[in-house]
Structure formats: C-alpha cells, structure tokens
Number of protein chains: 2
Amino acid sequence: MNKKIELKHGDGGLHTNKLIKDIFYRNFNNEILLKGRDSALIDLSKINNHKLAYTTDSYVVKPIFFPGGNIGSLAVCGTINDLTAAGATPYFLSVGFIIEEGFEIEKLNLIASTMGDICKNNNVRIVTGDTKVVEKNSLDQIFINTSGVGFVKKGFKPRQISIGDEIIVTGSIGDHGTVIGIERFDFGVDMNLKSDCAALNNILYELHEFLPKIKLMKDPTRGGIATILNEIANDMVVGVTIHENKIPIKNEVKGITELLGLDPYYLACEGRMILIVEKGYGNAVVNELRKLHNCKNSQIIGIIENSSSPYVCLETRIGGKRLLHILEESMLPRIC
Amino acid sequence: MNKKIELKHGDGGLHTNKLIKDIFYRNFNNEILLKGRDSALIDLSKINNHKLAYTTDSYVVKPIFFPGGNIGSLAVCGTINDLTAAGATPYFLSVGFIIEEGFEIEKLNLIASTMGDICKNNNVRIVTGDTKVVEKNSLDQIFINTSGVGFVKKGFKPRQISIGDEIIVTGSIGDHGTVIGIERFDFGVDMNLKSDCAALNNILYELHEFLPKIKLMKDPTRGGIATILNEIANDMVVGVTIHENKIPIKNEVKGITELLGLDPYYLACEGRMILIVEKGYGNAVVNELRKLHNCKNSQIIGIIENSSSPYVCLETRIGGKRLLHILEESMLPRIC
C-alpha cells in the first residue's frame with residue numbers, strides 16, 4: 001500500500017468517513033468513539049470523584065518517527081503524563097490530526113496504531129477526534145493535538161513545599177532530546193539510544209500508599225529538568241540544589257550532547273517525572289518507584305533549600321557550583 | 001507594535017511564559033487558567049450532572065481573517081456548537097495554538113481577543129492551553145485546535161426519528177462558505193455578506209420547554225446541510241425532503257455561488273443548527289428560536305419520510321426534484 005492523503009480526506013464527506021473508519025476506529029477501537037458523534041457522551045455516574053483535570057498539547061516533533069517512538073506516542077504519553085502530574089488518573093483523550101496532502105496513509109496508520117496500543121496498555125480511551133487536511137507545503141507532514149480528561153486521585157493533595165523536601169527523578173535525563181538531536185543533525189551514528197517516551201500513570205497506582213507524601217509532580221518535557229526546577233523554585237520562592245553525581249545520565253547522552261553542544265539539563269524527557277516529596281520519605285518513594293519497569297533508575301537528585309531569591313544550583317562532581325538559569329532560548333525547536 | 005513570533009516563543013522557557021501571560025492570560029482571563037498549571041483542575045461538585053460531552057476540532061481556515069470573524073471565532077464557536085448539538089451546556093475549553101515563525105503578535109492578540117470575547121459572552125472558559133512555534137514555511141500562518149467539555153442538559157434526550165418529524169434550520173445557509181470563497185478567489189467584490197460564525201448555545205436555554213421535543217441537533221459545518229442531512233438519512237434509514245422555497249438563502253450567496261460554481265447546499269455554515277423535532281412541534285419551536293438574535297430566520301425546511309433506502313431530496317421552486325448526494329469531494333478546502 002502506498003496510498004496518500006488527499007484533500008478530500010479532510011472535507012467531511014465520504015472519504016473523510018472512510019479514513020476515520022479504516023484508520024482511527026480500527027486503531028482506537030472503543031464503544032464511545034464508535035458511536036461516531038461529534039461530541040463523545042460519557043456517563044460519569046460511576047466515577048465517584050468531583051475533581052476533574054483537563055489538559056491539552058500540540059505535537060509538531062521533527063522527525064515524526066524516531067528511535068523509541070513517533071509523534072503519536074509523544075502525543076498520547078504527553079497528555080497521560082500531564083494528567084498524571086496533576087495526580088489524576090487519565091480516562092479520556094481527544095485527538096486532532098492536521099495532515100499535509102500527500103502524506104502516506106501507511107504512516108498515518110502506524111502512528112495511529114502506536115497511539116491505540118499505548119491507550120490500551122494504560123486503560124485510556126480516545127473518545128473523540130477530528131481530521132483536517134491542508135494543501136502540500138502548508139504544513140510539515142503531520143501535527144497532532146491531544147487533550148485529556150482525568151480525575152484527581154483521592155489522597156493526592158499538592159502542598160506547600162518546605163525546606164528539606166527531597167527531589168526525585170524517575171530515570172535518566174535528556175534521552176528524548178538527544179535522540180531528536182541525533183536525527184535532526186543527521187549523524188547517521190548507529191547507537192542504542194532511544195527516546196524515553198512512555199506513559200507514567202502507573203506511578204499513581206504504585207505509589208498509592210505514599211501519595212500523601214508527594215507534594216508536587218512535574219514532567220520535564222520542553223526545557224528539561226532545569227526549566228521545571230526553575231519553575232518550581234520561582235513559584236514556591238525556594239532554592240533548589242541538585243547533585244551531578246546523583247542525576248542519571250546515559251553515557252551516550254553525555255557524549256552526544258558534548259559533541260553537539262547541547263546541555264542535557266535543558267533537554268526534553270518524554271517519559272520522566274520530577275517528584276518533590278516530604279522530607280524523610282525520599283528513599284521510601286524511590287524504592288516503590290523502582291518496582292516500575294519505566295522508573296527503575298529513580299534517584300533522589302537533590303533537595304529544597306531556604307532562599308528568598310529562587311535559584312537552581314547544580315553541584316558538580318568535583319564540588320563546583322553551576323547555576324542553572326531559566327531557558328532563554330531553546331537549543332532544539334520542535335522537540336515534541 | 002509590529003513584533004513577530006519567534007521560535008523561542010515556543011520553547012517552553014522565558015519567552016513562552018511571557019507570550020502566554022501577555023496574550024492568552026489577558027484575553028482568556030479566568031482563575032482556573034491563571035493558576036498556570038499544565039492541567040486545569042476543575043471542581044465538578046457543583047455541577048449536578050453526570051453526562052459529560054467532550055469534543056475536539058482543529059481549525060486551518062484560509063484566510064485566517066474574513067468578514068464576520070477569524071480563525072479564533074471559528075474555533076471557539078465550532079466547539080461550543082458541537083457541544084450544543086449534543087444538548088450539552090458548554091463549560092470549559094482547551095486551546096492549542098500552532099504558529100509559524102514570523103507571525104505577527106498583533107494578529108495573534110486580535111485572534112485571542114475575539115476568542116476571549118466569545119467565551120465571556122457565552123459563559124465558557126478557556127481553562128488550559130498550549131503554544132507551539134514551527135519554523136517559517138512549516139505551516140501556513142496559524143492553526144488552532146480547541147477541545148471542549150460540557151454537560152448534557154436534563155430534558156434533552158435524542159430519540160429515534162419518525163416519519164413526519166420536522167426539519168428546521170436556524171438561519172440562512174452557505175454564508176460562511178461563500179465568504180471564504182470570495183476571499184479565496186480574491187474577487188475584490190465589496191459586499192455586505194459576512195460569515196454566519198456564531199455561538200449557538202443560547203438555543204439550549206431558549207428552547208428549555210421544548211427540549212424534550214427535539215430529537216436531534218447537528219451543526220452543518222464542513223459539507224453543509226446536504227452532508228448533515230445525508231448523515232441523518234443514512235444513520236436513521238429514512239428519507240429527507242426539503243423545499244427550496246423554504247430554505248433561507250441570501251441573494252448575495254445565490255449570486256456568488258452561481259458565479260463561482262459552488263453549491264450552497266454543500267457550503268459550510270458556522271453559526272447554524274439543523275434540528276429534527278417531533279411531528280407537530282415545528283412551528284412552536286421555530287417561534288421560540290426566532291426570539292434569539294442569531295436564529296431570527298429560523299424556518300421549517302422539510303420533513304422526514306418513510307424509506308428503506310435513505311435519500312435527501314430537494315424539491316425545487318418549480319416543482320422538480322433533485323437528489324442531494326453525499327459529498328464526494330469538497331469544492332473548497334480549508335473552509336474552517
């Protein structure tokens with residue numbers, strides 16, 4: 001099959017309907033979506049929870065396929081992780097595809113099948129969607145928007161951060177950003193490095209007992225952990241110190257980022273979470289996290305400190321200090 | 001001000017934050033959004049309703065500004081109207097902007113201010129959003145995705161359509177499509193025709209008493225009323241007959257569509273609703289609808305007929321019959 005998307009696939013008529021049925025219904029298969037309504041109708045009476053979390057993100061990553069994932073896995077995982085960071089079990093997603101005329105339908109199917117698989121594995125349903133097609137050269141291949149609806153787990157209650165609270169990262173940093181860098185600069189290096197792209201909602205279930213000890217969760221996507229920690233420091237008016245020798249970074253990431261002049265602390269992760277946990281509970285939470293296949297390399301990487309002027313400080317391996325400022329300009333656009 | 005969007009406005013750092021605060025917080029101003037979380041948190045305990053409606057659409061209209069609206073008004077009204085068609089009071093919207101590098105910030109502000117105004121006038125809040133910027137020539141100016149969450153009004157219960165049920169349209173057809181056609185073909189004609197783009201959620205409040213008599217609502221956007229009526233005929237396995245002399249079409253639309261070789265029955269409306277109401281209640285519903293400023297020209301345009309093979313038939317002014325088939329290929333891409 002080498003069929004291509006044509007403008008008529010986006011006109012709302014026969015061909016749009018066929019595309020939706022062939023590609024999206026088949027891959028996202030669930031009874032709410034298959035009703036084919038413009039609005040999904042969802043009965044919430046069985047969801048005994050009043051606190052709704054609602055989020056959206058658009059994905060414009062380049063290239064759209066990369067080691068460890070594609071634009072579709074980013075879109076689904078990104079929205080699942082945003083809800084997770086809010087302490088919410090993800091339930092329902094919407095998805096909007098904007099596709100360039102001439103895009104191969106087989107590629108679209110591959111993207112949709114990845115999205116469908118991740119949803120299935122994480123008990124999330126794509127219940128409503130939209131497809132638009134634009135003329136050749138009006139868009140670079142395909143962009144995807146997802147939004148998501150979840151309900152905040154009882155027991156999760158973000159609280160004021162205090163001095164001594166511990167900072168955890170759930171795995172190695174910068175993998176996704178580095179992979180995109182390698183692809184973008186067309187290195188042609190053959191290595192095993194893959195994007196860390198993954199859904200992290202299992203954290204909420206595994207940490208069940210410790211949920212009340214989690215004060216804050218954030219996924220360090222665009223701008224990496226340096227940006228996220230700066231946001232936390234500024235919002236909460238605290239200092240943050242993290243330790244280079246505790247932060248998991250893969251050797252390939254170290255090597256390539258040095259070569260490309262990228263800084264791993266500012267590179268996007270797409271399957272990692274930063275957790276701020278109550279002082280004294282860091283080790284217990286890390287032990288729980290390490291039971292999860294996608295959080296095996298969880299580490300306490302730093303601590304919240306007292307300061308009336310916010311900062312993020314990296315203590316280097318040799319005992320030096322480097323301030324990680326808020327990102328002024330991205331090293332790598334279209335990372336997600 | 002002639003400032004332009006740069007790639008750094010989309011990198012998640014300082015400049016993204018400034019853009020979000022300057023443009024989006026100011027125009028979409030509400031306390032949920034202003035918390036600045038990745039996921040909006042919404043307390044549903046006061047919404048005494050379990051039936052959630054959830055929808056999404058992307059907007060790629062060209063040109064982005066046109067008489068009667070812009071891409072932002074389309075995005076907000078489109079999502080409000082999709083929820084309305086499901087019988088749901090729209091509450092919360094998400095919005096994702098994808099912007100081409102070099103786009104004028106003043107234009108973005110104009111779009112956002114239109115969106116903010118429509119939300120305010122319709123008691124809807126944009127509670128979460130996302131902004132991405134892509135390099136020059138990777139996208140044609142700006143695309144917007146909106147998703148929306150609402151709750152189905154008690155009393156609204158779509159039911160099986162029966163023979164004799166009456167078909168209502170809430171105003172003149174084809175205005176939006178014709179306006180886009182005029183702009184696209186660069187006619188330079190100076191006329192008063194404007195897009196019908198409007199939010200229609202007031203229908204739900206005005207028709208309160210008659211809600212149980214409404215069997216189905218659909219907004220005839222892409223593909224126009226011919227496409228929507230074909231969907232209804234096919235889904236319900238019925239025939240549909242509509243009468244040319246009862247369908248409100250503006251003279252400008254008649255003239256221009258003839259000139260351009262467009263068919264108004266297939267042209268998008270962005271502020272009209274098709275209602276199927278219980279036999280005998282058409283006049284009463286039309287009388288109520290006409291009280292609304294945006295439904296003044298409501299008309300009963302046809303009737304549901306018995307047929308085991310679905311059809312949509314237009315009875316012409318001179319008594320002829322024309323079958324309106326389902327759209328095979330759009331006359332005008334990027335209409336919304």
# chains A, B, ... in the order shown; residues from 1 in each chain; ligands from 1

$ residues_around --residues "Ala86 (chain A)" --least-positions-apart "2" --cutoff "12 Å" --atoms "only C-alpha atoms" --output "ChimeraX atom specification"
/A:51-55,79-84,88-90,148-154,156-158,200-201,203-204,211,214-219,273,275 /B:37-42

$ residues_around --residues "Met191 (chain A)" --least-positions-apart "5" --cutoff "12 Å" --atoms "only C-alpha atoms" --output "list in words"
Pro67, Thr178, Val179, Ile182, Glu183, Asn251, Glu252, Val253, Gly255 and Ile256 of chain A

$ write_last_selection --atoms "C-alpha atoms" --output "PDB file, in the first residue's frame"
ATOM      1  CA  PRO A  67      14.112   5.602  17.850  1.00  0.00           C
ATOM      2  CA  THR A 178      19.354  13.701  22.420  1.00  0.00           C
ATOM      3  CA  VAL A 179      17.627  11.242  20.104  1.00  0.00           C
ATOM      4  CA  ILE A 182      20.919  12.964  16.526  1.00  0.00           C
ATOM      5  CA  GLU A 183      18.121  12.551  13.986  1.00  0.00           C
ATOM      6  CA  ASN A 251      26.898   7.741  28.552  1.00  0.00           C
ATOM      7  CA  GLU A 252      25.557   8.133  25.013  1.00  0.00           C
ATOM      8  CA  VAL A 253      23.682  11.238  26.109  1.00  0.00           C
ATOM      9  CA  GLY A 255      28.888  12.015  24.661  1.00  0.00           C
ATOM     10  CA  ILE A 256      26.453  13.267  22.057  1.00  0.00           C
TER      11      ILE A 256
END

$ atom_distance --atom1 "CA of Val238 (chain A)" --atom2 "CA of Ile225 (chain A)"
16.0 Å

$ closest_atom_pairs --of "chain A" --to "chain B" --cutoff "8 Å" --atoms "only C-alpha atoms" --output "CSV"
residue,atom,partner,partner_atom,distance
A:Leu7,CA,B:Pro333,CA,6.9
A:Lys8,CA,B:Glu329,CA,5.3
A:Gly10,CA,B:Pro333,CA,7.8
A:Asp11,CA,B:Ser330,CA,5.4
A:Gly12,CA,B:Arg222,CA,5.5
A:Gly13,CA,B:Leu327,CA,4.9
A:Leu14,CA,B:Glu328,CA,5.8
A:His15,CA,B:Glu328,CA,7.1
A:Asp38,CA,B:Asp82,CA,6.2
A:Ser39,CA,B:Thr55,CA,4.5
A:Ala40,CA,B:Tyr54,CA,5.1
A:Leu41,CA,B:Ala53,CA,4.6
A:Ile42,CA,B:Leu52,CA,5.0
A:Asp43,CA,B:Lys51,CA,4.8
A:Leu44,CA,B:His50,CA,4.8
A:Ser45,CA,B:His50,CA,5.2
A:His50,CA,B:Leu44,CA,4.8
A:Lys51,CA,B:Asp43,CA,4.8
A:Leu52,CA,B:Ile42,CA,5.0
A:Ala53,CA,B:Leu41,CA,4.6
A:Tyr54,CA,B:Ala40,CA,5.1
A:Thr55,CA,B:Ser39,CA,4.5
A:Thr56,CA,B:Gly129,CA,5.8
A:Asp57,CA,B:Asp130,CA,5.3
A:Ser58,CA,B:Gly96,CA,6.0
A:Tyr59,CA,B:Lys132,CA,7.8
A:Val60,CA,B:Val134,CA,7.5
A:Asp82,CA,B:Asp38,CA,6.2
A:Leu83,CA,B:Ser39,CA,6.2
A:Ala86,CA,B:Ser39,CA,6.3
A:Ser94,CA,B:Thr56,CA,6.3
A:Val95,CA,B:Thr56,CA,7.1
A:Gly96,CA,B:Ser58,CA,6.0
A:Phe97,CA,B:Ser58,CA,7.6
A:Ile98,CA,B:Ser58,CA,7.3
A:Thr128,CA,B:Thr55,CA,5.8
A:Gly129,CA,B:Thr56,CA,5.8
A:Asp130,CA,B:Asp57,CA,5.3
A:Thr131,CA,B:Ser58,CA,7.4
A:Lys132,CA,B:Ser58,CA,6.9
A:Val133,CA,B:Arg334,CA,7.8
A:Val134,CA,B:Arg334,CA,6.7
A:Asn137,CA,B:Ser138,CA,7.3
A:Ser138,CA,B:Asp140,CA,4.9
A:Leu139,CA,B:Leu139,CA,4.1
A:Asp140,CA,B:Ser138,CA,4.9
A:Asn145,CA,B:Asn145,CA,6.8
A:Ser147,CA,B:Ser147,CA,6.9
A:Arg222,CA,B:Gly12,CA,5.5
A:Gly223,CA,B:Gly12,CA,6.0
A:Thr227,CA,B:Gly13,CA,6.9
A:Ile326,CA,B:Gly13,CA,6.6
A:Leu327,CA,B:Gly13,CA,4.9
A:Glu328,CA,B:Leu14,CA,5.7
A:Glu329,CA,B:Lys8,CA,5.3
A:Ser330,CA,B:Asp11,CA,5.4
A:Pro333,CA,B:Asp11,CA,6.6
A:Arg334,CA,B:Val134,CA,6.7

$ select_by_dssp --residues "region 106-169 of chain A" --states "alpha helix (DSSP H)" --output "list in words"
Glu106, Lys107, Leu108, Asn109, Leu110, Ile111, Ala112, Ser113, Thr114, Met115, Gly116, Asp117, Ile118, Cys119, Lys120 and Asn121 of chain A

$ write_last_selection --atoms "N, CA, C and O atoms" --output "mmCIF file, in the first residue's frame"
data_model
loop_
_atom_site.group_PDB
_atom_site.id
_atom_site.type_symbol
_atom_site.label_atom_id
_atom_site.label_comp_id
_atom_site.auth_asym_id
_atom_site.auth_seq_id
_atom_site.Cartn_x
_atom_site.Cartn_y
_atom_site.Cartn_z
ATOM 1 N N GLU A 106 -0.119 4.809 5.069
ATOM 2 C CA GLU A 106 0.504 3.766 5.880
ATOM 3 C C GLU A 106 1.219 4.368 7.093
ATOM 4 O O GLU A 106 1.200 3.790 8.183
ATOM 5 N N LYS A 107 1.826 5.500 6.905
ATOM 6 C CA LYS A 107 2.470 6.171 8.044
ATOM 7 C C LYS A 107 1.431 6.610 9.075
ATOM 8 O O LYS A 107 1.636 6.499 10.280
ATOM 9 N N LEU A 108 0.325 7.136 8.556
ATOM 10 C CA LEU A 108 -0.747 7.553 9.466
ATOM 11 C C LEU A 108 -1.243 6.361 10.271
ATOM 12 O O LEU A 108 -1.487 6.449 11.480
ATOM 13 N N ASN A 109 -1.360 5.236 9.596
ATOM 14 C CA ASN A 109 -1.824 4.026 10.259
ATOM 15 C C ASN A 109 -0.843 3.567 11.337
ATOM 16 O O ASN A 109 -1.233 3.146 12.427
ATOM 17 N N LEU A 110 0.435 3.688 11.044
ATOM 18 C CA LEU A 110 1.474 3.315 12.005
ATOM 19 C C LEU A 110 1.391 4.197 13.249
ATOM 20 O O LEU A 110 1.458 3.724 14.391
ATOM 21 N N ILE A 111 1.228 5.487 13.010
ATOM 22 C CA ILE A 111 1.113 6.443 14.123
ATOM 23 C C ILE A 111 -0.124 6.121 14.963
ATOM 24 O O ILE A 111 -0.063 6.041 16.189
ATOM 25 N N ALA A 112 -1.243 5.901 14.268
ATOM 26 C CA ALA A 112 -2.494 5.625 14.979
ATOM 27 C C ALA A 112 -2.402 4.309 15.747
ATOM 28 O O ALA A 112 -2.934 4.182 16.855
ATOM 29 N N SER A 113 -1.706 3.335 15.171
ATOM 30 C CA SER A 113 -1.635 2.040 15.856
ATOM 31 C C SER A 113 -0.785 2.158 17.118
ATOM 32 O O SER A 113 -1.113 1.576 18.157
ATOM 33 N N THR A 114 0.288 2.953 17.070
ATOM 34 C CA THR A 114 1.071 3.203 18.293
ATOM 35 C C THR A 114 0.196 3.864 19.352
ATOM 36 O O THR A 114 0.217 3.498 20.529
ATOM 37 N N MET A 115 -0.570 4.860 18.918
ATOM 38 C CA MET A 115 -1.434 5.575 19.862
ATOM 39 C C MET A 115 -2.453 4.619 20.488
ATOM 40 O O MET A 115 -2.674 4.628 21.706
ATOM 41 N N GLY A 116 -3.040 3.787 19.624
ATOM 42 C CA GLY A 116 -4.032 2.822 20.108
ATOM 43 C C GLY A 116 -3.433 1.854 21.127
ATOM 44 O O GLY A 116 -4.038 1.571 22.166
ATOM 45 N N ASP A 117 -2.227 1.371 20.841
ATOM 46 C CA ASP A 117 -1.575 0.428 21.754
ATOM 47 C C ASP A 117 -1.311 1.057 23.123
ATOM 48 O O ASP A 117 -1.556 0.440 24.159
ATOM 49 N N ILE A 118 -0.784 2.266 23.110
ATOM 50 C CA ILE A 118 -0.468 2.920 24.392
ATOM 51 C C ILE A 118 -1.747 3.143 25.194
ATOM 52 O O ILE A 118 -1.783 2.925 26.402
ATOM 53 N N CYS A 119 -2.799 3.558 24.504
ATOM 54 C CA CYS A 119 -4.080 3.762 25.192
ATOM 55 C C CYS A 119 -4.553 2.460 25.836
ATOM 56 O O CYS A 119 -4.941 2.433 27.008
ATOM 57 N N LYS A 120 -4.506 1.399 25.059
ATOM 58 C CA LYS A 120 -4.973 0.096 25.534
ATOM 59 C C LYS A 120 -4.179 -0.336 26.769
ATOM 60 O O LYS A 120 -4.754 -0.767 27.771
ATOM 61 N N ASN A 121 -2.859 -0.200 26.680
ATOM 62 C CA ASN A 121 -1.999 -0.624 27.790
ATOM 63 C C ASN A 121 -2.178 0.221 29.042
ATOM 64 O O ASN A 121 -1.759 -0.176 30.119
#

$ residues_around --residues "Lys321 (chain B)" --least-positions-apart "3" --cutoff "10 Å" --atoms "only C-alpha atoms" --output "list in words"
Thr241, Ile242, His243, Glu244, Cys313, Leu314, Glu315, Thr316, Arg317, Ile318 and Leu324 of chain B

$ residues_around --residues "Glu270 (chain B)" --least-positions-apart "2" --cutoff "8 Å" --atoms "only C-alpha atoms" --output "NGL selection string"
:B and (74 or 77-78 or 176 or 195-198 or 219-221 or 268 or 272)

$ residues_around --residues "Ser298 (chain B)" --least-positions-apart "6" --cutoff "9 Å" --atoms "only C-alpha atoms" --output "list in words"
Ile168, Val169, Thr170, Gly171, Ser172, Pro248, Val286, Asn287, Leu289 and Arg290 of chain B

$ atom_distance --atom1 "CA of Leu262 (chain A)" --atom2 "CA of Leu193 (chain A)"
15.9 Å

$ atom_distance --atom1 "CA of Ala75 (chain B)" --atom2 "CA of Ile180 (chain B)"
15.3 Å

$ select_by_dssp --residues "region 158-335 of chain B" --states "strand (DSSP E)" --output "PyMOL selection string"
chain B and resi 166-169+214-218+239-243+274-277+299-305+311-315+321-323
